[in-house]
Amino acid sequence: MTHSLFALERALAEHLGAQRKTFQQLIELASVTGVIPADLADRLSTGRLLRNKLAHGKLTGTVLTPVMAVNMVRAAFDTAALLFPAPASAAQA
């Protein structure tokens with residue numbers, strides 16, 4: 001889960017041309033510019049908080065249920081799909 005969110009942070013920074021922004025700022029920018037819907041921004045913000053607590057040792061992976069982890073990874077993949085849509089020819093195949 002944490003790795004998918006770290007990768008998504010980098011992808012958002014590149015997509016938005018905002019290399020020096022925090023993950024929270026990137027999520028907010030993506031939401032207000034219409035890159036991602038508000039509900040997805042909320043899910044990513046929750047994931048960001050969990051990721052930060054895990055990265056700084058304030059939580060352990062044992063507090064994450066499998067459902068929580070899957071939901072966070074799904075939010076990262078949903079966002080990646082919006083940032084990098086499949087080419088039209090691949091979508092029609």
# chains A, B, ... in the order shown; residues from 1 in each chain; ligands from 1
call {"tool": "residues_around", "arguments": {"residues": "Val32 (chain A)", "least_positions_apart": "6", "cutoff": "10 Å", "atoms": "only C-alpha atoms", "output": "list in words"}}
result
Leu26, Ala38 and Ala41 of chain A
call {"tool": "select_by_dssp", "arguments": {"residues": "chain A", "states": "alpha helix (DSSP H)", "output": "MDAnalysis selection string"}}
result
chainID A and resid 2:16 23:32 38:55 66:83 88:92
call {"tool": "write_last_selection", "arguments": {"atoms": "C-alpha atoms", "output": "JSON list (two decimals), in the first residue's frame"}}
result
[["chain", "number", "residue", "atom", "x", "y", "z"],
["A", 2, "THR", "CA", 2.67, 2.50, 0.96],
["A", 3, "HIS", "CA", 4.66, 1.87, -2.21],
["A", 4, "SER", "CA", 1.62, 2.44, -4.41],
["A", 5, "LEU", "CA", 1.00, 5.77, -2.69],
["A", 6, "PHE", "CA", 4.67, 6.83, -2.95],
["A", 7, "ALA", "CA", 4.54, 6.04, -6.68],
["A", 8, "LEU", "CA", 1.28, 7.90, -7.06],
["A", 9, "GLU", "CA", 2.72, 10.96, -5.34],
["A", 10, "ARG", "CA", 5.51, 11.04, -7.94],
["A", 11, "ALA", "CA", 3.05, 10.49, -10.80],
["A", 12, "LEU", "CA", 0.83, 13.34, -9.60],
["A", 13, "ALA", "CA", 3.81, 15.67, -9.30],
["A", 14, "GLU", "CA", 4.89, 14.90, -12.86],
["A", 15, "HIS", "CA", 1.37, 15.04, -14.31],
["A", 16, "LEU", "CA", 0.60, 18.36, -12.60],
["A", 23, "PHE", "CA", 1.37, 14.89, -1.40],
["A", 24, "GLN", "CA", -1.59, 16.64, 0.26],
["A", 25, "GLN", "CA", -1.09, 19.70, -1.95],
["A", 26, "LEU", "CA", -0.90, 17.45, -5.02],
["A", 27, "ILE", "CA", -4.13, 15.70, -4.07],
["A", 28, "GLU", "CA", -5.88, 19.03, -3.52],
["A", 29, "LEU", "CA", -4.53, 20.45, -6.81],
["A", 30, "ALA", "CA", -5.63, 17.37, -8.71],
["A", 31, "SER", "CA", -9.09, 17.67, -7.18],
["A", 32, "VAL", "CA", -9.64, 21.39, -7.76],
["A", 38, "ALA", "CA", -13.51, 14.85, -4.79],
["A", 39, "ASP", "CA", -14.43, 11.40, -3.45],
["A", 40, "LEU", "CA", -11.19, 9.96, -4.82],
["A", 41, "ALA", "CA", -9.24, 12.87, -3.32],
["A", 42, "ASP", "CA", -10.79, 12.03, 0.06],
["A", 43, "ARG", "CA", -9.74, 8.37, -0.26],
["A", 44, "LEU", "CA", -6.20, 9.41, -1.21],
["A", 45, "SER", "CA", -6.00, 11.82, 1.72],
["A", 46, "THR", "CA", -6.91, 8.99, 4.08],
["A", 47, "GLY", "CA", -4.27, 6.81, 2.47],
["A", 48, "ARG", "CA", -1.71, 9.61, 2.72],
["A", 49, "LEU", "CA", -2.29, 9.93, 6.46],
["A", 50, "LEU", "CA", -1.90, 6.18, 6.95],
["A", 51, "ARG", "CA", 1.19, 6.09, 4.74],
["A", 52, "ASN", "CA", 2.83, 8.91, 6.70],
["A", 53, "LYS", "CA", 2.12, 7.26, 10.05],
["A", 54, "LEU", "CA", 3.52, 3.96, 8.79],
["A", 55, "ALA", "CA", 6.59, 5.63, 7.30],
["A", 66, "PRO", "CA", -6.66, -6.41, 4.29],
["A", 67, "VAL", "CA", -9.77, -4.47, 3.25],
["A", 68, "MET", "CA", -8.16, -1.15, 4.22],
["A", 69, "ALA", "CA", -5.00, -1.99, 2.30],
["A", 70, "VAL", "CA", -6.94, -3.07, -0.79],
["A", 71, "ASN", "CA", -9.04, 0.10, -0.70],
["A", 72, "MET", "CA", -5.92, 2.28, -0.55],
["A", 73, "VAL", "CA", -4.22, 0.42, -3.39],
["A", 74, "ARG", "CA", -7.44, 0.59, -5.41],
["A", 75, "ALA", "CA", -7.57, 4.38, -4.88],
["A", 76, "ALA", "CA", -3.99, 4.63, -6.14],
["A", 77, "PHE", "CA", -4.80, 2.53, -9.22],
["A", 78, "ASP", "CA", -8.03, 4.45, -9.88],
["A", 79, "THR", "CA", -6.04, 7.69, -9.83],
["A", 80, "ALA", "CA", -3.30, 6.27, -12.04],
["A", 81, "ALA", "CA", -5.96, 5.24, -14.56],
["A", 82, "LEU", "CA", -7.19, 8.85, -14.69],
["A", 83, "LEU", "CA", -3.65, 10.21, -15.04],
["A", 88, "ALA", "CA", -8.10, 4.43, -27.55],
["A", 89, "SER", "CA", -6.87, 1.49, -29.64],
["A", 90, "ALA", "CA", -6.11, -0.55, -26.49],
["A", 91, "ALA", "CA", -9.49, 0.27, -24.96],
["A", 92, "GLN", "CA", -11.30, -1.01, -28.06]]
call {"tool": "atom_distance", "arguments": {"atom1": "CA of Ile36 (chain A)", "atom2": "CA of Phe84 (chain A)"}}
result
11.9 Å
